[in-house]
$ cat structure_8.cif   # mmCIF, C-alpha atoms and all ligand atoms
data_work
loop_
_atom_site.label_atom_id
_atom_site.label_comp_id
_atom_site.auth_asym_id
_atom_site.auth_seq_id
_atom_site.Cartn_x
_atom_site.Cartn_y
_atom_site.Cartn_z
CA MET A 61 132.48 239.69 9.42
CA SER A 62 129.95 236.91 9.61
CA GLU A 63 131.54 233.79 11.00
CA PHE A 64 131.38 230.42 9.37
CA THR A 65 128.96 227.93 10.92
CA ILE A 66 127.93 224.40 10.00
CA ASP A 67 124.32 224.43 8.82
CA SER A 68 121.73 221.76 8.02
CA THR A 69 122.38 221.98 4.28
CA MET A 70 126.00 220.92 4.79
CA ILE A 71 124.87 218.09 7.06
CA ASP A 72 122.30 216.90 4.50
CA GLU A 73 124.94 217.02 1.79
CA GLY A 74 127.28 214.96 3.94
CA ASN A 75 124.56 212.43 4.72
CA ARG A 76 123.19 211.97 1.20
CA PRO A 77 125.88 209.64 -0.23
CA LEU A 78 125.82 207.56 2.97
CA LEU A 79 122.07 207.08 3.29
CA ASP A 80 121.63 203.88 1.24
CA ASP A 81 124.36 202.00 3.07
CA HIS A 82 123.09 203.30 6.40
CA ARG A 83 119.54 202.15 5.67
CA ALA A 84 120.74 198.65 4.75
CA GLU A 85 122.91 198.34 7.86
CA PHE A 86 120.27 199.80 10.15
CA ASP A 87 117.61 197.43 8.81
CA ALA A 88 119.92 194.43 9.25
CA LEU A 89 120.77 195.36 12.84
CA GLY A 90 117.13 196.23 13.48
CA SER A 91 116.00 192.74 12.56
CA ILE A 92 118.67 191.15 14.79
CA LEU A 93 117.68 193.33 17.75
CA ALA A 94 113.98 192.79 17.13
CA ARG A 95 114.56 189.03 17.28
CA ARG A 96 116.26 189.58 20.65
CA GLY A 97 113.13 191.37 21.87
CA HIS A 98 114.28 195.00 21.63
CA ASP A 99 111.99 197.86 20.65
CA ILE A 100 114.20 199.73 18.17
CA ASP A 101 112.41 203.06 18.34
CA ARG A 102 112.51 203.00 22.13
CA LEU A 103 116.24 202.20 22.04
CA ILE A 104 116.89 205.14 19.72
CA GLU A 105 114.86 207.45 21.96
CA ARG A 106 116.94 206.42 24.96
CA ILE A 107 120.20 206.81 23.04
CA ALA A 108 119.17 210.25 21.81
CA ALA A 109 118.10 211.35 25.31
CA PHE A 110 121.60 210.84 26.71
CA THR A 111 123.74 213.96 26.59
CA VAL A 112 127.25 214.83 27.70
CA ALA A 113 128.84 218.23 28.30
CA VAL A 114 131.84 219.38 26.29
CA PRO A 115 134.59 221.04 28.33
CA SER A 116 135.28 224.57 27.12
CA TRP A 117 139.01 223.90 27.50
CA GLY A 118 138.78 220.79 25.33
CA VAL A 119 138.28 222.64 22.04
CA GLY A 120 141.83 223.96 22.19
CA THR A 121 144.94 221.81 21.90
CA GLY A 122 145.80 220.82 25.47
CA GLY A 123 149.29 219.48 25.17
CA THR A 124 151.28 217.73 27.85
CA ARG A 125 153.64 219.06 30.47
CA PHE A 126 156.40 218.59 27.89
CA GLY A 127 154.93 220.91 25.36
CA ARG A 128 151.99 222.09 23.38
CA PHE A 129 151.70 222.03 19.61
CA PRO A 130 148.90 224.43 18.66
CA GLY A 131 146.71 223.60 15.70
CA PRO A 132 145.25 225.95 13.10
CA GLY A 133 142.19 228.04 13.87
CA GLU A 134 142.20 227.54 17.63
CA PRO A 135 139.57 229.49 19.56
CA ARG A 136 140.94 232.59 21.27
CA SER A 137 138.10 233.37 23.67
CA ILE A 138 135.18 231.69 25.38
CA PHE A 139 132.94 233.03 22.60
CA GLU A 140 135.00 231.22 19.95
CA LYS A 141 135.14 228.12 22.14
CA ILE A 142 131.34 228.18 22.17
CA ASP A 143 131.37 228.36 18.36
CA ASP A 144 133.46 225.17 18.23
CA CYS A 145 131.17 223.50 20.77
CA ALA A 146 128.25 224.46 18.50
CA ALA A 147 129.99 222.83 15.52
CA ILE A 148 130.33 219.63 17.56
CA GLN A 149 126.70 219.73 18.67
CA SER A 150 125.40 220.40 15.16
CA LEU A 151 127.02 217.17 13.93
CA VAL A 152 126.73 214.74 16.87
CA ARG A 153 123.57 216.09 18.59
CA SER A 154 124.47 214.68 22.00
CA THR A 155 126.49 217.58 23.39
CA PRO A 156 124.09 220.49 24.06
CA THR A 157 125.97 221.78 27.13
CA VAL A 158 129.36 223.30 27.84
CA SER A 159 131.31 223.04 31.07
CA PRO A 160 133.14 226.34 31.62
CA HIS A 161 136.37 226.88 33.48
CA ILE A 162 137.36 229.90 35.52
CA PRO A 163 139.63 231.81 35.05
CA TRP A 164 140.26 230.51 31.52
CA ASP A 165 136.71 231.50 30.48
CA ARG A 166 136.41 234.72 32.46
CA CYS A 167 134.79 237.46 30.37
CA ASP A 168 133.24 240.87 30.87
CA ASP A 169 129.82 240.11 29.39
CA TYR A 170 128.21 237.01 30.88
CA PRO A 171 124.65 237.85 29.70
CA GLY A 172 126.13 238.25 26.21
CA LEU A 173 127.89 234.90 26.58
CA VAL A 174 124.68 233.17 27.65
CA GLU A 175 122.92 234.67 24.62
CA HIS A 176 125.81 233.67 22.31
CA ALA A 177 125.46 230.07 23.56
CA ARG A 178 121.65 230.09 23.49
CA ALA A 179 121.59 231.31 19.89
CA ARG A 180 123.67 228.22 19.03
CA GLY A 181 121.47 225.80 20.94
CA LEU A 182 123.86 225.49 23.88
CA SER A 183 123.68 226.04 27.62
CA PHE A 184 126.15 225.74 30.49
CA ASP A 185 126.86 222.78 32.74
CA ALA A 186 129.00 222.62 35.90
CA VAL A 187 131.53 225.42 36.33
CA ASN A 188 135.10 224.40 37.16
CA SER A 189 137.32 226.34 39.54
CA ASN A 190 141.11 226.50 39.29
CA THR A 191 143.40 226.79 42.28
CA PHE A 192 146.05 224.53 40.79
CA GLN A 193 147.81 227.34 38.92
CA ASP A 194 148.84 230.88 39.76
CA GLN A 195 147.21 233.53 37.62
CA PRO A 196 148.80 236.82 36.55
CA GLY A 197 148.47 239.35 39.34
CA GLN A 198 147.44 236.79 41.91
CA GLU A 199 148.46 237.90 45.41
CA LEU A 200 149.31 234.57 47.06
CA SER A 201 150.81 231.51 45.37
CA TYR A 202 149.31 228.02 45.24
CA LYS A 203 152.75 226.44 44.92
CA PHE A 204 152.25 224.69 48.27
CA GLY A 205 148.50 224.22 48.05
CA SER A 206 145.24 226.12 47.95
CA LEU A 207 142.23 224.99 50.01
CA CYS A 208 144.59 222.96 52.24
CA HIS A 209 147.45 225.48 52.39
CA SER A 210 149.16 225.95 55.74
CA ASP A 211 148.60 229.72 55.45
CA PRO A 212 145.03 230.83 56.29
CA ALA A 213 145.25 233.81 53.92
CA THR A 214 146.05 231.53 50.95
CA ARG A 215 143.16 229.25 51.89
CA LYS A 216 140.89 232.30 52.08
CA GLN A 217 141.97 233.41 48.60
CA ALA A 218 141.21 229.91 47.23
CA ILE A 219 137.81 229.83 48.97
CA GLU A 220 136.93 233.25 47.57
CA HIS A 221 137.89 232.08 44.06
CA ASN A 222 135.48 229.15 44.35
CA ILE A 223 132.74 231.45 45.61
CA GLU A 224 133.42 233.78 42.67
CA CYS A 225 133.03 230.73 40.38
CA ILE A 226 129.62 230.05 41.89
CA GLY A 227 128.67 233.66 41.17
CA ILE A 228 129.79 233.36 37.54
CA GLY A 229 128.04 229.99 37.28
CA ARG A 230 124.79 231.61 38.45
CA LYS A 231 125.07 234.15 35.66
CA LEU A 232 125.63 231.34 33.16
CA GLY A 233 122.77 229.16 34.38
CA SER A 234 125.03 226.45 35.85
CA LYS A 235 123.80 224.39 38.78
CA ALA A 236 127.05 222.91 40.05
CA LEU A 237 130.63 223.74 40.94
CA THR A 238 133.37 221.17 40.27
CA VAL A 239 136.36 221.40 42.59
CA TRP A 240 139.61 219.66 41.81
CA ILE A 241 142.63 220.67 43.83
CA ALA A 242 146.26 219.74 43.27
CA ASP A 243 147.03 219.99 47.01
CA GLY A 244 149.28 217.36 48.47
CA SER A 245 152.94 216.69 49.08
CA ASN A 246 155.92 215.39 47.17
CA PHE A 247 157.96 214.00 50.07
CA PRO A 248 157.21 212.02 53.21
CA GLY A 249 157.05 214.40 56.14
CA GLN A 250 156.34 217.44 53.98
CA GLN A 251 152.72 217.70 55.04
CA ASP A 252 150.65 216.62 58.03
CA LEU A 253 148.28 214.16 56.36
CA THR A 254 145.46 214.68 58.88
CA GLY A 255 145.92 218.43 59.12
CA ALA A 256 145.76 218.86 55.35
CA PHE A 257 142.47 216.94 55.13
CA ASP A 258 141.04 218.93 58.06
CA ARG A 259 141.92 222.17 56.30
CA TYR A 260 140.26 220.87 53.11
CA LEU A 261 137.05 220.12 55.00
CA ALA A 262 137.04 223.52 56.70
CA SER A 263 137.62 225.33 53.39
CA MET A 264 135.01 223.27 51.56
CA GLN A 265 132.47 223.97 54.32
CA GLU A 266 132.75 227.67 53.53
CA ILE A 267 132.30 227.00 49.80
CA TYR A 268 129.41 224.64 50.51
CA ALA A 269 127.72 227.35 52.61
CA ALA A 270 127.85 229.65 49.57
CA LEU A 271 125.97 227.21 47.28
CA PRO A 272 122.64 228.65 46.13
CA ASP A 273 119.45 226.60 46.40
CA GLY A 274 119.37 223.82 43.84
CA TRP A 275 123.16 223.83 43.45
CA GLN A 276 125.60 221.00 44.07
CA VAL A 277 129.34 220.80 44.52
CA PHE A 278 131.25 218.00 42.79
CA LEU A 279 134.44 216.81 44.47
CA GLU A 280 136.91 215.45 41.96
CA HIS A 281 139.62 213.16 43.25
CA LYS A 282 142.90 212.20 41.57
CA PHE A 283 145.44 209.85 43.03
CA TYR A 284 148.63 211.65 42.08
CA GLU A 285 150.18 214.42 39.96
CA PRO A 286 151.27 217.08 40.58
CA ALA A 287 151.68 215.81 44.16
CA PHE A 288 153.76 212.65 43.86
CA TYR A 289 153.82 211.41 47.44
CA SER A 290 150.39 212.24 48.89
CA THR A 291 147.37 213.96 47.40
CA VAL A 292 144.76 215.31 49.79
CA ILE A 293 141.76 214.09 47.77
CA ALA A 294 143.49 211.10 46.25
CA ASP A 295 140.77 208.53 45.92
CA TRP A 296 137.04 207.92 45.99
CA GLY A 297 137.28 207.07 49.70
CA SER A 298 138.63 210.51 50.61
CA SER A 299 136.13 212.08 48.23
CA PHE A 300 133.26 210.12 49.75
CA MET A 301 134.30 210.97 53.32
CA ALA A 302 134.50 214.66 52.45
CA ALA A 303 131.19 214.65 50.53
CA SER A 304 129.48 212.83 53.41
CA GLU A 305 130.83 215.30 55.97
CA LEU A 306 129.84 218.30 53.87
CA GLY A 307 126.23 217.33 53.28
CA PRO A 308 123.71 216.30 50.63
CA LYS A 309 124.73 218.95 48.09
CA ALA A 310 128.26 217.47 47.91
CA LYS A 311 128.90 214.49 45.65
CA CYS A 312 131.85 212.59 44.21
CA LEU A 313 132.92 213.12 40.62
CA VAL A 314 134.58 210.21 38.84
CA ASP A 315 137.23 211.16 36.28
CA LEU A 316 138.05 207.92 34.50
CA GLY A 317 141.77 208.78 34.36
CA HIS A 318 142.14 209.58 38.06
CA HIS A 319 142.56 206.04 39.39
CA ALA A 320 145.50 203.73 39.84
CA ALA A 321 145.98 201.21 37.05
CA ASN A 322 143.50 198.32 36.97
CA VAL A 323 141.22 199.77 39.63
CA ASN A 324 137.68 198.49 39.18
CA ILE A 325 136.04 201.81 38.34
CA GLU A 326 132.62 200.33 37.61
CA GLN A 327 132.52 198.97 41.15
CA ILE A 328 133.36 202.43 42.52
CA VAL A 329 130.47 203.75 40.44
CA ALA A 330 128.15 201.11 41.89
CA ARG A 331 129.22 202.03 45.44
CA LEU A 332 128.74 205.77 44.93
CA VAL A 333 125.34 205.20 43.33
CA ARG A 334 124.30 202.99 46.26
CA PHE A 335 124.85 205.86 48.69
CA GLY A 336 123.45 208.61 46.46
CA LYS A 337 126.87 210.23 46.10
CA LEU A 338 127.72 209.86 42.41
CA ALA A 339 128.09 213.41 41.07
CA GLY A 340 128.90 212.35 37.55
CA PHE A 341 131.83 211.78 35.24
CA HIS A 342 134.73 213.24 33.48
CA PHE A 343 135.00 210.89 30.52
CA ASN A 344 138.35 210.17 28.91
CA ASP A 345 140.62 207.17 28.49
CA SER A 346 144.13 206.21 29.45
CA LYS A 347 146.70 203.46 29.24
CA TYR A 348 149.32 204.44 31.80
CA GLY A 349 148.13 207.32 33.95
CA ASP A 350 145.95 210.38 33.60
CA ASP A 351 146.53 210.34 29.87
CA ASP A 352 143.35 212.25 28.97
CA LEU A 353 142.95 210.36 25.69
CA ASP A 354 139.65 210.17 23.81
CA ALA A 355 136.88 208.29 25.64
CA GLY A 356 136.73 204.63 24.66
CA SER A 357 139.95 204.79 22.62
CA ILE A 358 142.01 202.46 24.84
CA ASN A 359 139.55 200.49 26.94
CA PRO A 360 136.06 200.54 25.44
CA PHE A 361 135.12 197.51 27.55
CA GLN A 362 135.62 199.46 30.76
CA LEU A 363 133.46 202.27 29.39
CA PHE A 364 130.76 199.73 28.59
CA LEU A 365 130.94 198.23 32.10
CA VAL A 366 130.62 201.70 33.63
CA PHE A 367 127.55 202.34 31.49
CA HIS A 368 126.11 199.00 32.49
CA GLU A 369 126.14 200.21 36.11
CA LEU A 370 124.63 203.54 35.08
CA VAL A 371 121.81 201.89 33.14
CA LEU A 372 121.10 199.59 36.08
CA ALA A 373 120.98 202.56 38.46
CA GLY A 374 118.72 204.52 36.13
CA GLU A 375 116.29 201.64 35.66
CA ARG A 376 115.91 201.00 39.36
CA ARG A 377 115.61 204.76 39.96
CA ALA A 378 118.32 204.78 42.60
CA ASP A 379 117.94 207.55 45.19
CA GLY A 380 119.87 210.70 44.33
CA PHE A 381 120.89 209.33 40.93
CA GLU A 382 121.12 212.28 38.54
CA PRO A 383 124.72 212.27 37.32
CA ALA A 384 126.29 215.10 35.35
CA TYR A 385 128.21 213.78 32.37
CA MET A 386 131.19 215.66 31.00
CA ILE A 387 134.12 214.93 28.73
CA ASP A 388 137.52 215.91 30.12
CA GLN A 389 140.34 215.37 27.66
CA SER A 390 143.53 216.91 26.44
CA HIS A 391 144.16 216.70 22.72
CA ASN A 392 147.79 216.66 21.73
CA VAL A 393 147.94 215.19 18.23
CA THR A 394 144.35 215.38 16.96
CA ASP A 395 141.97 218.12 15.92
CA PRO A 396 140.15 218.84 19.20
CA VAL A 397 136.75 219.11 17.51
CA GLU A 398 137.24 215.71 15.88
CA SER A 399 138.42 214.15 19.15
CA LEU A 400 135.46 215.52 21.07
CA MET A 401 133.03 214.19 18.45
CA ASP A 402 134.86 210.87 18.53
CA SER A 403 134.46 210.72 22.32
CA ALA A 404 130.83 211.80 22.27
CA MET A 405 130.12 208.93 19.88
CA ALA A 406 132.17 206.44 21.94
CA ILE A 407 130.13 207.42 25.00
CA GLN A 408 126.90 206.98 23.03
CA ARG A 409 128.14 203.62 21.80
CA ALA A 410 128.93 202.35 25.32
CA HIS A 411 125.52 203.55 26.48
CA ALA A 412 123.76 201.85 23.56
CA GLN A 413 125.62 198.59 24.21
CA ALA A 414 124.69 198.74 27.89
CA LEU A 415 121.04 199.23 26.90
CA LEU A 416 121.22 195.91 25.03
CA VAL A 417 122.12 193.88 28.13
CA ASP A 418 119.25 191.53 28.96
CA ARG A 419 119.09 192.51 32.61
CA HIS A 420 116.33 190.03 33.42
CA GLN A 421 118.35 187.11 32.07
CA LEU A 422 121.50 188.46 33.69
CA GLY A 423 119.85 188.62 37.11
CA ALA A 424 118.58 185.06 36.73
CA ALA A 425 122.06 183.82 35.76
CA GLN A 426 123.60 185.66 38.71
CA ASP A 427 121.06 184.19 41.13
CA ALA A 428 121.77 180.70 39.75
CA ASN A 429 125.55 181.27 40.05
CA ASP A 430 125.80 180.59 36.32
CA THR A 431 129.13 182.32 35.87
CA ILE A 432 129.68 181.65 32.17
CA GLY A 433 126.04 182.29 31.40
CA ALA A 434 126.10 185.69 33.13
CA ARG A 435 129.37 186.64 31.46
CA ASP A 436 127.97 185.66 28.05
CA ILE A 437 124.86 187.78 28.49
CA LEU A 438 127.05 190.80 29.17
CA MET A 439 129.45 190.02 26.32
CA ARG A 440 126.66 189.53 23.80
CA ALA A 441 125.67 193.15 24.34
CA PHE A 442 129.26 194.40 24.25
CA ARG A 443 130.07 192.53 21.04
CA CYS A 444 127.12 194.01 19.16
CA ASP A 445 128.17 196.68 16.67
CA VAL A 446 125.65 199.39 17.47
CA SER A 447 127.08 201.88 14.94
CA PRO A 448 123.91 201.94 12.78
CA LEU A 449 121.80 202.52 15.90
CA ILE A 450 123.72 205.56 17.09
CA ALA A 451 123.99 206.86 13.53
CA GLU A 452 120.20 206.60 13.24
CA ALA A 453 119.81 208.48 16.55
CA ARG A 454 121.97 211.27 15.14
CA LEU A 455 120.09 211.26 11.82
CA ARG A 456 116.70 211.55 13.53
CA SER A 457 118.03 214.47 15.59
CA GLY A 458 119.27 216.32 12.49
CA GLY A 459 122.91 215.31 12.92
CA ALA A 460 125.49 213.72 10.68
CA LEU A 461 125.71 210.04 9.80
CA ASP A 462 129.50 210.43 9.78
CA PRO A 463 130.30 213.55 11.85
CA ILE A 464 134.07 213.54 11.30
CA ARG A 465 133.82 213.06 7.53
CA THR A 466 131.18 215.80 7.30
CA PHE A 467 133.21 218.11 9.55
CA ARG A 468 136.20 217.74 7.24
CA ALA A 469 134.06 218.26 4.14
CA THR A 470 132.77 221.60 5.45
CA GLY A 471 136.31 222.99 5.66
CA TYR A 472 135.45 224.33 9.12
CA ARG A 473 139.01 224.20 10.42
CA GLN A 474 140.49 225.98 7.41
CA LYS A 475 137.82 228.68 7.60
CA LYS A 476 138.47 229.19 11.31
CA ASP A 477 142.18 229.38 10.64
CA ALA A 478 141.48 232.35 8.36
CA GLU A 479 139.01 233.94 10.81
CA ARG A 480 141.18 233.53 13.90
CA PRO A 481 144.73 234.85 13.56
CA GLN A 482 146.92 233.06 16.12
CA GLN A 483 147.59 234.64 19.46
CA ALA A 484 150.76 234.23 21.43
CA SER A 485 149.11 232.28 24.22
CA PHE A 486 146.02 230.26 24.88
CA GLY A 487 144.55 229.51 28.30
CA GLY A 488 144.14 225.77 28.37
CA GLY A 489 145.31 222.73 30.20
CA ILE A 490 144.35 219.56 31.91
CA VAL A 491 142.03 219.14 34.86
MN MN B 501 138.69 215.85 35.33
#

$ encode --input "structure_8.cif" --output "structure tokens" --more "lines below"
Ligand SMILES: [Mn+2]
Amino acid sequence: MSEFTIDSTMIDEGNRPLLDDHRAEFDALGSILARRGHDIDRLIERIAAFTVAVPSWGVGTGGTRFGRFPGPGEPRSIFEKIDDCAAIQSLVRSTPTVSPHIPWDRCDDYPGLVEHARARGLSFDAVNSNTFQDQPGQELSYKFGSLCHSDPATRKQAIEHNIECIGIGRKLGSKALTVWIADGSNFPGQQDLTGAFDRYLASMQEIYAALPDGWQVFLEHKFYEPAFYSTVIADWGSSFMAASELGPKAKCLVDLGHHAANVNIEQIVARLVRFGKLAGFHFNDSKYGDDDLDAGSINPFQLFLVFHELVLAGERRADGFEPAYMIDQSHNVTDPVESLMDSAMAIQRAHAQALLVDRHQLGAAQDANDTIGARDILMRAFRCDVSPLIAEARLRSGGALDPIRTFRATGYRQKKDAERPQQASFGGGIV
């Protein structure tokens, strides 16, 4: 059975009724930005050049620890997940890579998987390991930790899993391994805080030694959950210490949801960039904790401020600055494909707004201690509705002016519901 895919005819059909309005809005914004001294075509090139990886696990309904409410037509294998990632890419044109997760994406034909992705214009980004769950048939449990476990045999099993992930990543064309561990403790006294960190470093050194040339390892921190008293890699400080001890191939990954409330994440980004240790991002948004909501849905201003730091770092060509960008979300009440497109566009929007900051004027205002002036320069960029700009970037790349509307018009979800009879279980979750 040939499977339904979104083609350029459907995208053109979706765009046609929107073109006149788009042209008018794009021209109006173009004249405003031209008056402010921006080269519109150059802006669009820079917007279009920015890409973000879609997490393979994100195309299924994630759920929360209270429950999962599966949607229709969910992908049942990594091959079907790739198909959904291809649907996203065909419409938004800024998500040409997929970040796989092992063991959820384990399969018995990796060359076939690479070809399946390649035929759909996709390739693979960083591979994610998983030692925060026990898998069927697993010999030793991670209930009390993995890379930091008190038992050397459990640590060895977790190290070997990460090395296996590197091997799978090599077959997929990945260049990085992302390691997030749930290790920590729930009660004071449960774990020796120094000993646990020492065991992490020793385990990571073995994984680091297995990295092929040209590979990196991304250390992802998270301040709590599932460990509620102490987490071994709880914050960017622990992550930075570990990455510094491990060596130049180890860098710190910033998941936007993995910080305490009100932490100044953009300043953390600036610090990590300064020392060449920013691995990249897991984009998402949150209001209370690690909510894994769509990027830019709660605090678009924070996303903009993060991108302001990234644009600054890129323009000054900061040493070691080559971040890997990924989305990391859990979709509970939305269609995952729609949420991922929504996030990809929010990320593009924050980037486009950051590109509009007059950095020359801003620097002059900062040097003159003109507080209100500097703030206004930043806010003028943030307040600009760049929707026509990012829509034009999508249009020029063959994408949809309104990806969600076009996605719905294709009937993709209904067709997948018919093609993919539900299975009892789906390997997904939150990382
Ligand atoms: Mn993450």

$ closest_atom_pairs --input "structure_8.cif" --of "chain A" --to "ligand MN 501 (chain B)" --cutoff "10 Å" --atoms "only C-alpha atoms and all ligand atoms" --output "Markdown table"
| residue | atom | partner | partner_atom | distance |
| --- | --- | --- | --- | --- |
| A:Pro115 | CA | B:MN501 | MN | 9.6 |
| A:Asn188 | CA | B:MN501 | MN | 9.5 |
| A:Thr238 | CA | B:MN501 | MN | 9.0 |
| A:Val239 | CA | B:MN501 | MN | 9.4 |
| A:Trp240 | CA | B:MN501 | MN | 7.6 |
| A:Glu280 | CA | B:MN501 | MN | 6.9 |
| A:His281 | CA | B:MN501 | MN | 8.4 |
| A:Lys282 | CA | B:MN501 | MN | 8.4 |
| A:Leu313 | CA | B:MN501 | MN | 8.3 |
| A:Val314 | CA | B:MN501 | MN | 7.8 |
| A:Asp315 | CA | B:MN501 | MN | 5.0 |
| A:Leu316 | CA | B:MN501 | MN | 8.0 |
| A:Gly317 | CA | B:MN501 | MN | 7.8 |
| A:His318 | CA | B:MN501 | MN | 7.7 |
| A:Phe341 | CA | B:MN501 | MN | 8.0 |
| A:His342 | CA | B:MN501 | MN | 5.1 |
| A:Phe343 | CA | B:MN501 | MN | 7.8 |
| A:Asn344 | CA | B:MN501 | MN | 8.6 |
| A:Asp350 | CA | B:MN501 | MN | 9.3 |
| A:Asp352 | CA | B:MN501 | MN | 8.7 |
| A:Met386 | CA | B:MN501 | MN | 8.7 |
| A:Ile387 | CA | B:MN501 | MN | 8.1 |
| A:Asp388 | CA | B:MN501 | MN | 5.3 |
| A:Gln389 | CA | B:MN501 | MN | 7.9 |
| A:Ile490 | CA | B:MN501 | MN | 7.6 |
| A:Val491 | CA | B:MN501 | MN | 4.7 |

$ write_last_selection --input "structure_8.cif" --atoms "C-alpha atoms" --output "PDB file, in the coordinates of the input"
ATOM      1  CA  PRO A 115     134.590 221.040  28.330  1.00  0.00           C
ATOM      2  CA  ASN A 188     135.100 224.400  37.160  1.00  0.00           C
ATOM      3  CA  THR A 238     133.370 221.170  40.270  1.00  0.00           C
ATOM      4  CA  VAL A 239     136.360 221.400  42.590  1.00  0.00           C
ATOM      5  CA  TRP A 240     139.610 219.660  41.810  1.00  0.00           C
ATOM      6  CA  GLU A 280     136.910 215.450  41.960  1.00  0.00           C
ATOM      7  CA  HIS A 281     139.620 213.160  43.250  1.00  0.00           C
ATOM      8  CA  LYS A 282     142.900 212.200  41.570  1.00  0.00           C
ATOM      9  CA  LEU A 313     132.920 213.120  40.620  1.00  0.00           C
ATOM     10  CA  VAL A 314     134.580 210.210  38.840  1.00  0.00           C
ATOM     11  CA  ASP A 315     137.230 211.160  36.280  1.00  0.00           C
ATOM     12  CA  LEU A 316     138.050 207.920  34.500  1.00  0.00           C
ATOM     13  CA  GLY A 317     141.770 208.780  34.360  1.00  0.00           C
ATOM     14  CA  HIS A 318     142.140 209.580  38.060  1.00  0.00           C
ATOM     15  CA  PHE A 341     131.830 211.780  35.240  1.00  0.00           C
ATOM     16  CA  HIS A 342     134.730 213.240  33.480  1.00  0.00           C
ATOM     17  CA  PHE A 343     135.000 210.890  30.520  1.00  0.00           C
ATOM     18  CA  ASN A 344     138.350 210.170  28.910  1.00  0.00           C
ATOM     19  CA  ASP A 350     145.950 210.380  33.600  1.00  0.00           C
ATOM     20  CA  ASP A 352     143.350 212.250  28.970  1.00  0.00           C
ATOM     21  CA  MET A 386     131.190 215.660  31.000  1.00  0.00           C
ATOM     22  CA  ILE A 387     134.120 214.930  28.730  1.00  0.00           C
ATOM     23  CA  ASP A 388     137.520 215.910  30.120  1.00  0.00           C
ATOM     24  CA  GLN A 389     140.340 215.370  27.660  1.00  0.00           C
ATOM     25  CA  ILE A 490     144.350 219.560  31.910  1.00  0.00           C
ATOM     26  CA  VAL A 491     142.030 219.140  34.860  1.00  0.00           C
TER      27      VAL A 491
END

$ closest_residue --input "structure_8.cif" --among "A:Asp81, A:Glu140, A:Asp168, A:Asp354" --to "A:Leu400" --atoms "only C-alpha atoms"
A:Asp354

$ residues_around --input "structure_8.cif" --residues "A:Ile328" --least-positions-apart "4" --cutoff "10 Å" --atoms "only C-alpha atoms" --output "JSON, numbers by chain"
{"A": [296, 297, 314, 323, 324, 332, 333, 334, 338, 366, 369]}

$ residues_near_point --input "structure_8.cif" --point "(125.0, 206.8, 18.5)" --cutoff "9 Å" --atoms "only C-alpha atoms" --output "list in words"
Ile104, Ile107, Ala108, Val152, Ser154, Ala404, Met405, Ala406, Ile407, Gln408, Arg409, His411, Ala412, Val446, Ser447, Pro448, Leu449, Ile450, Ala451, Glu452, Ala453 and Arg454 of chain A

$ residues_near_point --input "structure_8.cif" --point "(128.3, 229.3, 8.3)" --cutoff "12 Å" --atoms "only C-alpha atoms" --output "count of residues only"
23

$ residues_around --input "structure_8.cif" --residues "A:Asp194" --least-positions-apart "6" --cutoff "8 Å" --atoms "all atoms listed in the file" --output "ChimeraX atom specification"
/A:201-203

$ atom_distance --input "structure_8.cif" --atom1 "atom CA of A:Ile223" --atom2 "atom CA of A:Gly244"
21.9 Å

$ axis_aligned_box --input "structure_8.cif" --around "stretch 439-455 of chain A" --padding-each-side "8 Å" --output "lines of an AutoDock Vina configuration file"
center_x = 124.9
center_y = 200.4
center_z = 19.1
size_x = 26.3
size_y = 37.7
size_z = 30.5

$ closest_residue --input "structure_8.cif" --among "A:Glu134, A:Glu175, A:Asp87, A:Asp445" --to "A:Leu232" --atoms "only C-alpha atoms"
A:Glu175

$ closest_residue --input "structure_8.cif" --among "A:Pro396, A:Gly433, A:Pro308, A:Gly380" --to "A:Ile464" --atoms "only C-alpha atoms"
A:Pro396

$ closest_residue --input "structure_8.cif" --among "A:Ala213, A:Cys145, A:Leu306, A:Cys444" --to "A:Leu89" --atoms "only C-alpha atoms"
A:Cys444

$ closest_residue --input "structure_8.cif" --among "A:Leu151, A:Arg480, A:Lys235, A:Ser357" --to "A:Phe139" --atoms "all atoms listed in the file"
A:Arg480

$ closest_residue --input "structure_8.cif" --among "A:Leu422, A:Ile162, A:Ala339, A:Leu253" --to "A:Gly229" --atoms "all atoms listed in the file"
A:Ile162

$ atom_distance --input "structure_8.cif" --atom1 "atom CA of A:Ile241" --atom2 "atom CA of A:Ile358"
26.3 Å

$ residues_around --input "structure_8.cif" --residues "A:Thr157" --least-positions-apart "5" --cutoff "6 Å" --atoms "only C-alpha atoms" --output "PyMOL selection string"
chain A and resi 113+182-185

$ residues_around --input "structure_8.cif" --residues "stretch 260-268 of chain A" --least-positions-apart "4" --cutoff "10 Å" --atoms "only C-alpha atoms" --output "NGL selection string"
:A and (206-209 or 212 or 215-216 or 218-224 or 226 or 237 or 239 or 241 or 243 or 254-256 or 272 or 275-277 or 279 or 292-293 or 301-303 or 305-307 or 309-310)

$ residues_around --input "structure_8.cif" --residues "A:Pro135" --least-positions-apart "2" --cutoff "12 Å" --atoms "all atoms listed in the file" --output "PyMOL selection string"
chain A and resi 116-121+130-133+137-145+165+396-397+473+476-483+485-488
